[in-house]
file model10.csv (CSV, C-alpha atoms and all ligand atoms)
chain,number,residue,atom,x,y,z
A,1,MET,CA,-71.0,-69.3,66.7
A,2,SER,CA,-67.4,-68.9,65.8
A,3,PRO,CA,-66.2,-65.3,65.2
A,4,PHE,CA,-66.1,-63.7,61.8
A,5,LYS,CA,-62.6,-63.7,60.3
A,6,SER,CA,-61.1,-61.5,57.7
A,7,GLY,CA,-57.8,-60.1,56.4
A,8,PHE,CA,-55.5,-59.3,53.6
A,9,VAL,CA,-53.6,-62.2,52.1
A,10,ALA,CA,-50.6,-61.7,49.8
A,11,ILE,CA,-49.9,-64.4,47.2
A,12,VAL,CA,-46.2,-64.1,46.5
A,13,GLY,CA,-43.6,-66.3,44.8
A,14,ALA,CA,-41.2,-66.5,41.9
A,15,PRO,CA,-42.4,-65.7,38.4
A,16,ASN,CA,-44.6,-68.4,36.7
A,17,VAL,CA,-45.3,-70.5,39.7
A,18,GLY,CA,-49.1,-70.2,39.3
A,19,LYS,CA,-50.1,-67.3,41.6
A,20,SER,CA,-52.6,-65.7,39.3
A,21,THR,CA,-54.0,-69.1,38.4
A,22,LEU,CA,-54.6,-69.7,42.1
A,23,LEU,CA,-56.2,-66.3,42.6
A,24,ASN,CA,-58.7,-67.0,39.8
A,25,GLU,CA,-59.4,-70.4,41.2
A,26,LEU,CA,-60.0,-69.0,44.7
A,27,LEU,CA,-62.5,-66.4,43.4
A,28,GLY,CA,-64.2,-68.8,40.9
A,29,GLN,CA,-63.8,-66.2,38.2
A,30,LYS,CA,-61.0,-64.8,36.1
A,31,ILE,CA,-59.8,-61.4,37.1
A,32,ALA,CA,-56.0,-62.0,36.8
A,33,ILE,CA,-54.3,-62.8,33.5
A,34,THR,CA,-52.0,-65.9,33.3
A,35,SER,CA,-49.5,-67.3,30.8
A,36,GLY,CA,-46.8,-69.9,30.5
A,37,LYS,CA,-44.2,-67.0,30.3
A,38,PRO,CA,-42.7,-65.5,33.5
A,39,GLN,CA,-43.4,-61.9,34.5
A,40,THR,CA,-47.0,-61.9,33.3
A,41,THR,CA,-48.4,-60.0,36.2
A,42,ARG,CA,-47.2,-56.5,36.6
A,43,ASN,CA,-49.6,-54.9,39.2
A,44,ARG,CA,-51.0,-55.8,42.5
A,45,ILE,CA,-54.3,-57.6,41.7
A,46,LEU,CA,-57.0,-57.5,44.4
A,47,GLY,CA,-59.7,-60.2,44.7
A,48,VAL,CA,-62.2,-60.7,47.5
A,49,ALA,CA,-63.5,-64.1,48.4
A,50,HIS,CA,-66.6,-64.3,50.5
A,51,LEU,CA,-67.0,-67.4,52.7
A,52,PRO,CA,-69.7,-68.2,55.2
A,53,GLY,CA,-67.7,-67.2,58.2
A,54,ALA,CA,-64.8,-65.2,56.6
A,55,GLN,CA,-63.8,-62.6,54.1
A,56,LEU,CA,-60.4,-63.1,52.5
A,57,ILE,CA,-58.9,-60.2,50.5
A,58,PHE,CA,-56.2,-61.6,48.2
A,59,LEU,CA,-53.4,-59.6,46.7
A,60,ASP,CA,-51.9,-61.3,43.7
A,61,THR,CA,-48.4,-60.0,43.0
A,62,PRO,CA,-45.8,-59.9,40.3
A,63,GLY,CA,-43.2,-62.7,40.5
A,64,ILE,CA,-40.3,-61.8,42.7
A,65,HIS,CA,-36.9,-62.3,41.0
A,66,ARG,CA,-33.5,-60.7,40.6
A,67,ALA,CA,-34.8,-58.0,38.3
A,68,LYS,CA,-32.9,-56.5,35.4
A,69,GLY,CA,-34.1,-53.3,33.8
A,70,PRO,CA,-36.3,-50.5,35.1
A,71,LEU,CA,-39.7,-52.2,34.3
A,72,ASN,CA,-38.8,-55.4,36.1
A,73,VAL,CA,-37.3,-53.6,39.1
A,74,ARG,CA,-40.5,-51.7,39.4
A,75,ILE,CA,-42.8,-54.7,39.3
A,76,VAL,CA,-40.7,-56.5,41.9
A,77,GLU,CA,-41.0,-53.4,44.1
A,78,VAL,CA,-44.8,-53.7,43.8
A,79,ALA,CA,-44.6,-57.3,45.1
A,80,LEU,CA,-42.3,-56.5,48.0
A,81,LYS,CA,-44.5,-53.6,49.0
A,82,VAL,CA,-47.6,-55.8,49.2
A,83,LEU,CA,-45.7,-57.9,51.8
A,84,ARG,CA,-45.8,-54.9,54.1
A,85,GLU,CA,-49.6,-54.5,53.9
A,86,VAL,CA,-51.0,-57.9,54.7
A,87,ASP,CA,-52.1,-60.0,57.6
A,88,LEU,CA,-51.0,-63.3,56.0
A,89,VAL,CA,-48.6,-64.4,53.3
A,90,VAL,CA,-49.1,-67.3,51.0
A,91,PHE,CA,-45.7,-68.1,49.5
A,92,MET,CA,-46.1,-70.2,46.4
A,93,THR,CA,-43.4,-72.4,45.0
A,94,ASP,CA,-43.3,-74.8,42.0
A,95,ALA,CA,-43.0,-78.5,42.9
A,96,ALA,CA,-41.4,-79.2,39.6
A,97,LEU,CA,-38.7,-76.6,40.1
A,98,PRO,CA,-37.6,-77.2,43.7
A,99,THR,CA,-34.4,-75.1,43.7
A,100,SER,CA,-35.1,-71.6,42.4
A,101,ARG,CA,-32.8,-68.7,43.2
A,102,ALA,CA,-35.9,-66.5,43.4
A,103,ASP,CA,-37.3,-68.6,46.2
A,104,GLN,CA,-34.2,-67.8,48.2
A,105,ILE,CA,-34.6,-64.1,47.7
A,106,ILE,CA,-38.2,-64.4,48.9
A,107,LEU,CA,-37.4,-66.5,51.9
A,108,LYS,CA,-34.9,-63.8,52.9
A,109,ALA,CA,-37.6,-61.1,52.6
A,110,LEU,CA,-40.0,-63.2,54.6
A,111,LYS,CA,-37.5,-63.7,57.4
A,112,LYS,CA,-37.7,-59.9,58.1
A,113,LYS,CA,-41.5,-60.0,58.5
A,114,ARG,CA,-43.7,-60.9,61.4
A,115,GLN,CA,-46.8,-62.1,59.6
A,116,PRO,CA,-47.6,-65.8,59.4
A,117,VAL,CA,-46.6,-67.5,56.2
A,118,ILE,CA,-48.3,-70.5,54.6
A,119,LEU,CA,-46.3,-72.4,52.0
A,120,ALA,CA,-48.3,-73.6,48.9
A,121,ILE,CA,-46.3,-76.0,46.9
A,122,ASN,CA,-48.0,-75.8,43.5
A,123,LYS,CA,-48.1,-77.9,40.4
A,124,VAL,CA,-48.1,-81.2,42.3
A,125,ASP,CA,-49.8,-82.7,39.3
A,126,LEU,CA,-46.4,-82.6,37.6
A,127,VAL,CA,-44.5,-84.6,40.2
A,128,LYS,CA,-44.6,-88.0,41.7
A,129,LYS,CA,-45.5,-88.4,45.4
A,130,LYS,CA,-42.2,-90.0,46.0
A,131,LYS,CA,-40.5,-86.7,45.1
A,132,LEU,CA,-43.0,-84.5,47.0
A,133,LEU,CA,-42.4,-85.9,50.5
A,134,PRO,CA,-38.7,-85.1,50.7
A,135,LEU,CA,-39.4,-81.7,49.2
A,136,ILE,CA,-41.9,-80.9,51.9
A,137,ASP,CA,-39.3,-81.9,54.5
A,138,GLN,CA,-36.7,-79.7,52.9
A,139,TRP,CA,-39.1,-76.7,53.0
A,140,ARG,CA,-40.1,-77.4,56.5
A,141,GLU,CA,-36.5,-76.9,57.6
A,142,SER,CA,-36.0,-73.7,55.8
A,143,TYR,CA,-38.7,-71.6,57.6
A,144,PRO,CA,-41.2,-71.9,60.4
A,145,PHE,CA,-44.2,-72.0,58.1
A,146,LYS,CA,-47.7,-71.9,59.7
A,147,ALA,CA,-48.6,-74.7,57.3
A,148,ILE,CA,-47.4,-76.4,54.2
A,149,VAL,CA,-50.0,-77.4,51.6
A,150,PRO,CA,-49.2,-79.1,48.3
A,151,ILE,CA,-51.7,-78.0,45.7
A,152,SER,CA,-52.5,-77.9,42.1
A,153,ALA,CA,-54.1,-74.6,41.2
A,154,LEU,CA,-54.7,-75.7,37.7
A,155,GLU,CA,-56.5,-79.0,38.7
A,156,ARG,CA,-58.0,-77.5,41.8
A,157,LEU,CA,-56.3,-80.1,44.1
A,158,GLN,CA,-56.2,-79.3,47.8
A,159,VAL,CA,-57.2,-75.7,47.2
A,160,ASP,CA,-60.0,-76.0,49.8
A,161,GLU,CA,-57.4,-77.3,52.3
A,162,LEU,CA,-55.3,-74.3,51.6
A,163,VAL,CA,-58.3,-72.0,52.2
A,164,THR,CA,-59.0,-73.7,55.5
A,165,GLU,CA,-55.4,-73.1,56.6
A,166,MET,CA,-55.7,-69.4,55.5
A,167,VAL,CA,-58.9,-68.9,57.5
A,168,ALA,CA,-57.3,-70.5,60.6
A,169,ALA,CA,-54.3,-68.1,60.3
A,170,LEU,CA,-56.4,-64.9,60.0
A,171,PRO,CA,-57.5,-62.7,62.9
A,172,GLU,CA,-61.1,-61.9,63.8
A,173,GLY,CA,-62.2,-58.9,61.8
A,174,PRO,CA,-64.9,-57.1,59.9
A,175,ARG,CA,-66.2,-57.4,56.3
A,176,TYR,CA,-63.9,-54.9,54.6
A,177,TYR,CA,-65.7,-55.1,51.3
A,178,PRO,CA,-69.4,-55.3,50.5
A,179,GLU,CA,-70.6,-58.8,49.8
A,180,ASP,CA,-71.1,-58.3,46.1
A,181,SER,CA,-67.6,-57.0,45.3
A,182,VAL,CA,-65.0,-59.2,43.8
A,183,THR,CA,-62.2,-56.7,43.0
A,184,ASP,CA,-61.3,-53.0,43.2
A,185,MET,CA,-60.1,-52.9,39.6
A,186,PRO,CA,-62.2,-51.2,37.0
A,187,GLU,CA,-63.4,-53.3,34.1
A,188,ARG,CA,-61.4,-51.0,31.8
A,189,PHE,CA,-58.2,-52.1,33.5
A,190,ILE,CA,-59.1,-55.8,33.3
A,191,ALA,CA,-60.0,-55.4,29.6
A,192,ALA,CA,-56.5,-53.9,29.0
A,193,GLU,CA,-55.0,-56.9,30.9
A,194,MET,CA,-57.0,-59.4,28.9
A,195,ILE,CA,-55.6,-57.9,25.7
A,196,ARG,CA,-52.1,-58.0,27.2
A,197,GLU,CA,-52.6,-61.7,28.0
A,198,LYS,CA,-53.4,-62.5,24.4
A,199,VAL,CA,-50.1,-60.8,23.4
A,200,PHE,CA,-48.3,-62.9,26.0
A,201,ARG,CA,-49.9,-66.1,24.7
A,202,LEU,CA,-49.8,-65.4,21.0
A,203,THR,CA,-46.3,-63.8,20.5
A,204,GLY,CA,-42.8,-65.1,21.4
A,205,GLU,CA,-39.4,-64.0,22.4
A,206,GLU,CA,-39.0,-60.4,23.6
A,207,ILE,CA,-42.4,-59.2,22.3
A,208,PRO,CA,-44.5,-59.8,25.4
A,209,TYR,CA,-42.0,-57.9,27.5
A,210,ALA,CA,-42.0,-54.9,25.1
A,211,VAL,CA,-45.8,-54.5,25.3
A,212,ALA,CA,-48.1,-52.4,27.4
A,213,VAL,CA,-51.8,-51.9,26.7
A,214,THR,CA,-53.9,-48.9,27.4
A,215,VAL,CA,-57.7,-48.5,26.9
A,216,GLU,CA,-58.5,-45.1,25.4
A,217,SER,CA,-62.2,-45.4,25.4
A,218,PHE,CA,-64.7,-47.8,27.0
A,219,LYS,CA,-68.3,-46.7,26.2
A,220,GLU,CA,-71.7,-48.2,26.3
A,221,ARG,CA,-73.6,-47.5,23.2
A,222,PRO,CA,-76.9,-45.8,24.3
A,223,GLY,CA,-79.9,-48.0,24.0
A,224,LYS,CA,-77.9,-51.0,22.8
A,225,ASP,CA,-76.5,-53.9,24.8
A,226,LEU,CA,-73.0,-53.2,23.4
A,227,ILE,CA,-69.7,-51.7,24.6
A,228,ASP,CA,-67.3,-50.0,22.3
A,229,ILE,CA,-63.6,-50.3,23.4
A,230,GLN,CA,-60.7,-48.6,21.8
A,231,ALA,CA,-57.3,-49.8,23.0
A,232,THR,CA,-53.7,-49.4,22.1
A,233,ILE,CA,-50.9,-52.0,22.1
A,234,HIS,CA,-47.6,-50.1,22.8
A,235,VAL,CA,-44.4,-51.6,21.6
A,236,GLU,CA,-40.9,-50.2,22.2
A,237,ARG,CA,-39.4,-50.5,18.7
A,238,GLU,CA,-40.5,-49.9,15.2
A,239,SER,CA,-39.4,-53.4,14.2
A,240,GLN,CA,-41.9,-54.9,16.8
A,241,LYS,CA,-44.9,-53.3,15.2
A,242,PRO,CA,-45.1,-55.6,12.2
A,243,ILE,CA,-44.7,-58.7,14.4
A,244,ILE,CA,-47.7,-57.7,16.5
A,245,ILE,CA,-49.7,-56.9,13.4
A,246,GLY,CA,-48.7,-60.1,11.6
A,247,ARG,CA,-49.0,-61.0,7.9
A,248,GLY,CA,-52.0,-59.4,6.5
A,249,GLY,CA,-53.0,-58.2,10.0
A,250,ASN,CA,-53.5,-61.8,11.0
A,251,LYS,CA,-51.8,-61.7,14.4
A,252,LEU,CA,-53.6,-58.6,15.6
A,253,LYS,CA,-56.8,-60.0,14.4
A,254,ARG,CA,-56.4,-63.1,16.6
A,255,ILE,CA,-55.3,-61.1,19.6
A,256,GLY,CA,-58.4,-58.9,19.1
A,257,GLU,CA,-60.8,-61.8,18.7
A,258,GLN,CA,-59.6,-63.8,21.7
A,259,ALA,CA,-59.5,-60.7,23.9
A,260,ARG,CA,-63.0,-59.6,22.8
A,261,GLU,CA,-64.5,-63.0,23.6
A,262,GLU,CA,-63.0,-62.8,27.1
A,263,ILE,CA,-64.1,-59.2,27.7
A,264,GLU,CA,-67.6,-60.1,26.5
A,265,HIS,CA,-67.7,-62.8,29.1
A,266,MET,CA,-66.7,-60.4,31.8
A,267,VAL,CA,-69.1,-57.6,30.9
A,268,GLY,CA,-72.0,-59.8,29.9
A,269,CYS,CA,-72.7,-58.1,26.7
A,270,LYS,CA,-71.4,-57.7,23.1
A,271,VAL,CA,-68.2,-55.8,22.7
A,272,PHE,CA,-66.8,-54.0,19.7
A,273,LEU,CA,-63.1,-53.9,20.1
A,274,THR,CA,-60.7,-51.7,18.0
A,275,LEU,CA,-57.0,-52.2,18.5
A,276,TRP,CA,-54.2,-49.9,17.5
A,277,VAL,CA,-50.4,-50.5,17.6
A,278,ARG,CA,-48.1,-47.7,18.5
A,279,VAL,CA,-44.4,-47.3,19.1
A,280,GLN,CA,-43.4,-45.7,22.3
A,281,LYS,CA,-39.6,-45.8,21.9
A,282,ASN,CA,-37.8,-47.7,24.7
A,283,TRP,CA,-40.7,-47.3,27.1
A,284,THR,CA,-39.5,-50.2,29.4
A,285,ARG,CA,-36.4,-48.2,30.2
A,286,ASP,CA,-38.2,-44.8,30.7
A,287,ALA,CA,-39.5,-44.2,34.3
A,288,GLY,CA,-42.1,-41.7,33.0
A,289,ALA,CA,-43.5,-44.0,30.4
A,290,ILE,CA,-43.5,-47.0,32.9
A,291,LYS,CA,-45.6,-44.8,35.2
A,292,LYS,CA,-47.9,-43.5,32.4
A,293,PHE,CA,-48.7,-47.1,31.5
A,294,GLY,CA,-49.8,-47.8,35.1
A,295,TYR,CA,-46.8,-49.6,36.6
A,301,LIG,N1,-49.3,-78.2,35.6
A,301,LIG,C1,-49.6,-77.1,36.3
A,301,LIG,N2,-49.5,-75.9,35.7
A,301,LIG,C2,-50.0,-74.8,36.4
A,301,LIG,C3,-50.5,-74.9,37.7
A,301,LIG,N3,-50.8,-73.7,38.1
A,301,LIG,C4,-50.5,-72.8,37.2
A,301,LIG,N4,-50.0,-73.5,36.1
A,301,LIG,C5,-49.4,-72.9,34.9
A,301,LIG,O1,-48.3,-72.2,35.1
A,301,LIG,C6,-48.2,-71.1,34.2
A,301,LIG,C7,-48.0,-69.8,35.0
A,301,LIG,O2,-49.2,-69.5,35.7
A,301,LIG,P1,-49.5,-68.0,36.3
A,301,LIG,O3,-50.7,-68.2,37.1
A,301,LIG,O4,-49.5,-67.0,35.2
A,301,LIG,O5,-48.2,-67.8,37.2
A,301,LIG,P2,-47.8,-66.5,38.0
A,301,LIG,O6,-47.1,-67.1,39.3
A,301,LIG,O7,-49.0,-65.7,38.2
A,301,LIG,O8,-46.7,-65.8,37.1
A,301,LIG,P3,-46.2,-64.3,37.1
A,301,LIG,O9,-47.4,-63.4,37.0
A,301,LIG,O10,-45.4,-64.2,35.9
A,301,LIG,O11,-45.4,-64.1,38.3
A,301,LIG,C8,-49.4,-71.1,33.4
A,301,LIG,O12,-49.1,-71.7,32.2
A,301,LIG,C9,-50.4,-71.9,34.2
A,301,LIG,O13,-51.4,-72.6,33.4
A,301,LIG,C10,-50.7,-76.2,38.3
A,301,LIG,O14,-51.1,-76.4,39.4
A,301,LIG,N5,-50.2,-77.3,37.5
A,302,MG,MG,-49.3,-63.7,37.7

call {"tool": "encode", "arguments": {"input": "model10.csv", "output": "structure tokens", "more": "lines below"}}
Ligand SMILES: Nc1nc2c(ncn2[C@@H]2O[C@H](COP(=O)(O)OP(=O)(O)OP(=O)(O)O)[C@@H](O)[C@H]2O)c(=O)[nH]1
Ligand SMILES: [Mg+2]
result
Amino acid sequence: MSPFKSGFVAIVGAPNVGKSTLLNELLGQKIAITSGKPQTTRNRILGVAHLPGAQLIFLDTPGIHRAKGPLNVRIVEVALKVLREVDLVVFMTDAALPTSRADQIILKALKKKRQPVILAINKVDLVKKKKLLPLIDQWRESYPFKAIVPISALERLQVDELVTEMVAALPEGPRYYPEDSVTDMPERFIAAEMIREKVFRLTGEEIPYAVAVTVESFKERPGKDLIDIQATIHVERESQKPIIIGRGGNKLKRIGEQAREEIEHMVGCKVFLTLWVRVQKNWTRDAGAIKKFGY
């Protein structure tokens, strides 16, 4: 019998390349939020995949980029810190955006590390094969990758091949997490994230970047198959409040409905979700508030 393999695997890359989409695909369930806008992920998101002969502990990270402003500087720090804690790095790039400045920053950081790095070129569904082959050659010359795997996280193309390469690159090791655990994050945190995702998806311009979500209360109603959740959407300016609320409360209602459906799916019972909107002046520039909101 071949030895049991295990290890911590960082998923790093520029913003919006599809890291969180891949994490959810690898786990077969949604624990990380995703959106078409960059800088969606702000924390280290841990997910455990249990395979017949291996356990892979994935750490999804915020997109690395040249950050402006205290909040973004903080989230990039989170991603760079994860690089120090892992056995293997999966560096994800976007096949449709082959020359990103963020990629260069990441390559530079990787060159200072000793861990093996696998390159996952994502979103291959968006490019023609003719363009992909020269791109692979170009990447091959830029770093001694353990493997280069073109994938589509969204369409689940070549994801199994990527997993095979990851297992091959990991050391022998124990089961770090019990077989029934998928993440170390409490449902309360994931619920807050799901609300934040709906803000990312349903609002535009600067609004998603001005928002943090906290869950004030998360309680099962005794004797009923129902969870009551009270959460607050924090914005940083008075003028942003009516945008989140929308005409006649319409926007907030849609955010709440979509988030509730997803939270119900996660917890497996009915959810009663109450949302508040509050102004925490200039919180994205205030180190204390950034910390208070969990970043
Ligand atoms: N066409 C295509 N789109 C994809 C693929 N993978 C992810 N996406 C889309 O790319 C966008 C960004 O995906 P995320 O998973 O949020 O990206 P991320 O790298 O986690 O982004 P940050 O958290 O902001 O760093 C979303 O709209 C996804 O649906 C893919 O393989 N093909
Ligand atoms: Mg993400």

call {"tool": "closest_residue", "arguments": {"input": "model10.csv", "among": "A:Ala192, A:Leu26, A:Val9, A:Val127", "to": "Val159 in chain A", "atoms": "all atoms listed in the file"}}
result
A:Leu26

call {"tool": "closest_atom_pairs", "arguments": {"input": "model10.csv", "of": "chain A", "to": "ligand LIG 301 (chain A)", "cutoff": "9 Å", "atoms": "all atoms listed in the file", "output": "Markdown table"}}
result
| residue | atom | partner | partner_atom | distance |
| --- | --- | --- | --- | --- |
| A:Ile11 | CA | A:LIG301 | O6 | 8.8 |
| A:Val12 | CA | A:LIG301 | O6 | 7.9 |
| A:Gly13 | CA | A:LIG301 | O6 | 6.6 |
| A:Ala14 | CA | A:LIG301 | O11 | 6.0 |
| A:Pro15 | CA | A:LIG301 | O11 | 3.4 |
| A:Asn16 | CA | A:LIG301 | O8 | 3.4 |
| A:Val17 | CA | A:LIG301 | O6 | 3.9 |
| A:Gly18 | CA | A:LIG301 | O5 | 3.3 |
| A:Lys19 | CA | A:LIG301 | O6 | 3.8 |
| A:Ser20 | CA | A:LIG301 | O7 | 3.8 |
| A:Thr21 | CA | A:LIG301 | O3 | 3.7 |
| A:Leu22 | CA | A:LIG301 | O3 | 6.5 |
| A:Leu23 | CA | A:LIG301 | O3 | 8.0 |
| A:Asn24 | CA | A:LIG301 | O3 | 8.5 |
| A:Ala32 | CA | A:LIG301 | O7 | 8.0 |
| A:Ile33 | CA | A:LIG301 | O4 | 6.6 |
| A:Thr34 | CA | A:LIG301 | O4 | 3.3 |
| A:Ser35 | CA | A:LIG301 | O4 | 4.4 |
| A:Gly36 | CA | A:LIG301 | O12 | 3.4 |
| A:Lys37 | CA | A:LIG301 | O10 | 6.4 |
| A:Pro38 | CA | A:LIG301 | O10 | 3.8 |
| A:Gln39 | CA | A:LIG301 | O10 | 3.4 |
| A:Thr40 | CA | A:LIG301 | O10 | 3.8 |
| A:Thr41 | CA | A:LIG301 | O9 | 3.6 |
| A:Arg42 | CA | A:LIG301 | O9 | 6.9 |
| A:Asp60 | CA | A:LIG301 | O7 | 7.6 |
| A:Thr61 | CA | A:LIG301 | O11 | 6.9 |
| A:Pro62 | CA | A:LIG301 | O11 | 4.7 |
| A:Gly63 | CA | A:LIG301 | O11 | 3.4 |
| A:Ile64 | CA | A:LIG301 | O11 | 7.1 |
| A:Met92 | CA | A:LIG301 | O6 | 7.8 |
| A:Thr93 | CA | A:LIG301 | O6 | 8.6 |
| A:Asp94 | CA | A:LIG301 | O14 | 8.4 |
| A:Ala96 | CA | A:LIG301 | N1 | 8.9 |
| A:Ile121 | CA | A:LIG301 | O14 | 8.9 |
| A:Asn122 | CA | A:LIG301 | O14 | 5.2 |
| A:Lys123 | CA | A:LIG301 | O14 | 3.5 |
| A:Val124 | CA | A:LIG301 | O14 | 6.4 |
| A:Asp125 | CA | A:LIG301 | N5 | 5.7 |
| A:Leu126 | CA | A:LIG301 | N1 | 5.6 |
| A:Ile151 | CA | A:LIG301 | O14 | 6.5 |
| A:Ser152 | CA | A:LIG301 | O14 | 3.4 |
| A:Ala153 | CA | A:LIG301 | O14 | 3.9 |
| A:Leu154 | CA | A:LIG301 | O14 | 4.0 |
| A:Glu155 | CA | A:LIG301 | O14 | 6.0 |
| A:Arg156 | CA | A:LIG301 | O14 | 7.4 |
| A:Leu157 | CA | A:LIG301 | O14 | 7.9 |

call {"tool": "closest_residue", "arguments": {"input": "model10.csv", "among": "A:Pro70, A:Gly204, A:Gly53, A:Pro98", "to": "Asp137 in chain A", "atoms": "only C-alpha atoms"}}
result
A:Pro98

call {"tool": "atom_distance", "arguments": {"input": "model10.csv", "atom1": "CA of Ala10 in chain A", "atom2": "CA of Gln104 in chain A"}}
result
17.6 Å

call {"tool": "atom_distance", "arguments": {"input": "model10.csv", "atom1": "CA of Arg175 in chain A", "atom2": "CA of Ser6 in chain A"}}
result
6.7 Å

call {"tool": "closest_residue", "arguments": {"input": "model10.csv", "among": "A:Leu71, A:Leu133, A:Phe200, A:Val86", "to": "ligand MG 302 (chain A)", "atoms": "only C-alpha atoms and all ligand atoms"}}
result
A:Phe200

call {"tool": "closest_residue", "arguments": {"input": "model10.csv", "among": "A:Pro242, A:Pro144, A:Gly294, A:Pro52", "to": "Val215 in chain A", "atoms": "all atoms listed in the file"}}
result
A:Gly294

call {"tool": "closest_residue", "arguments": {"input": "model10.csv", "among": "A:Val89, A:Ser2, A:Leu59, A:Ile227", "to": "ligand MG 302 (chain A)", "atoms": "only C-alpha atoms and all ligand atoms"}}
result
A:Leu59

call {"tool": "decode", "arguments": {"input": "model10.csv", "residues": "range 208-236 of chain A", "atoms": "C-alpha atoms", "output": "CSV table (one decimal), in the first residue's frame"}}
result
chain,number,residue,atom,x,y,z
A,208,PRO,CA,-18.4,46.5,-2.1
A,209,TYR,CA,-15.1,47.8,-1.0
A,210,ALA,CA,-16.7,50.0,1.7
A,211,VAL,CA,-18.6,47.1,3.2
A,212,ALA,CA,-17.9,44.8,6.1
A,213,VAL,CA,-20.5,42.4,7.6
A,214,THR,CA,-20.7,41.2,11.2
A,215,VAL,CA,-23.2,38.7,12.7
A,216,GLU,CA,-24.5,39.9,16.0
A,217,SER,CA,-26.6,36.9,16.9
A,218,PHE,CA,-26.9,33.4,15.5
A,219,LYS,CA,-29.4,31.4,17.6
A,220,GLU,CA,-31.4,28.2,17.2
A,221,ARG,CA,-35.0,28.7,18.2
A,222,PRO,CA,-35.6,26.1,20.9
A,223,GLY,CA,-37.8,23.2,19.7
A,224,LYS,CA,-38.0,24.6,16.2
A,225,ASP,CA,-35.9,23.8,13.2
A,226,LEU,CA,-35.0,27.4,12.7
A,227,ILE,CA,-32.1,29.7,13.2
A,228,ASP,CA,-32.4,33.4,13.9
A,229,ILE,CA,-29.6,35.5,12.5
A,230,GLN,CA,-29.1,39.2,13.1
A,231,ALA,CA,-26.3,40.8,11.0
A,232,THR,CA,-25.0,44.3,10.3
A,233,ILE,CA,-23.7,45.6,7.0
A,234,HIS,CA,-21.2,48.4,7.8
A,235,VAL,CA,-20.5,51.1,5.3
A,236,GLU,CA,-18.0,53.9,5.7
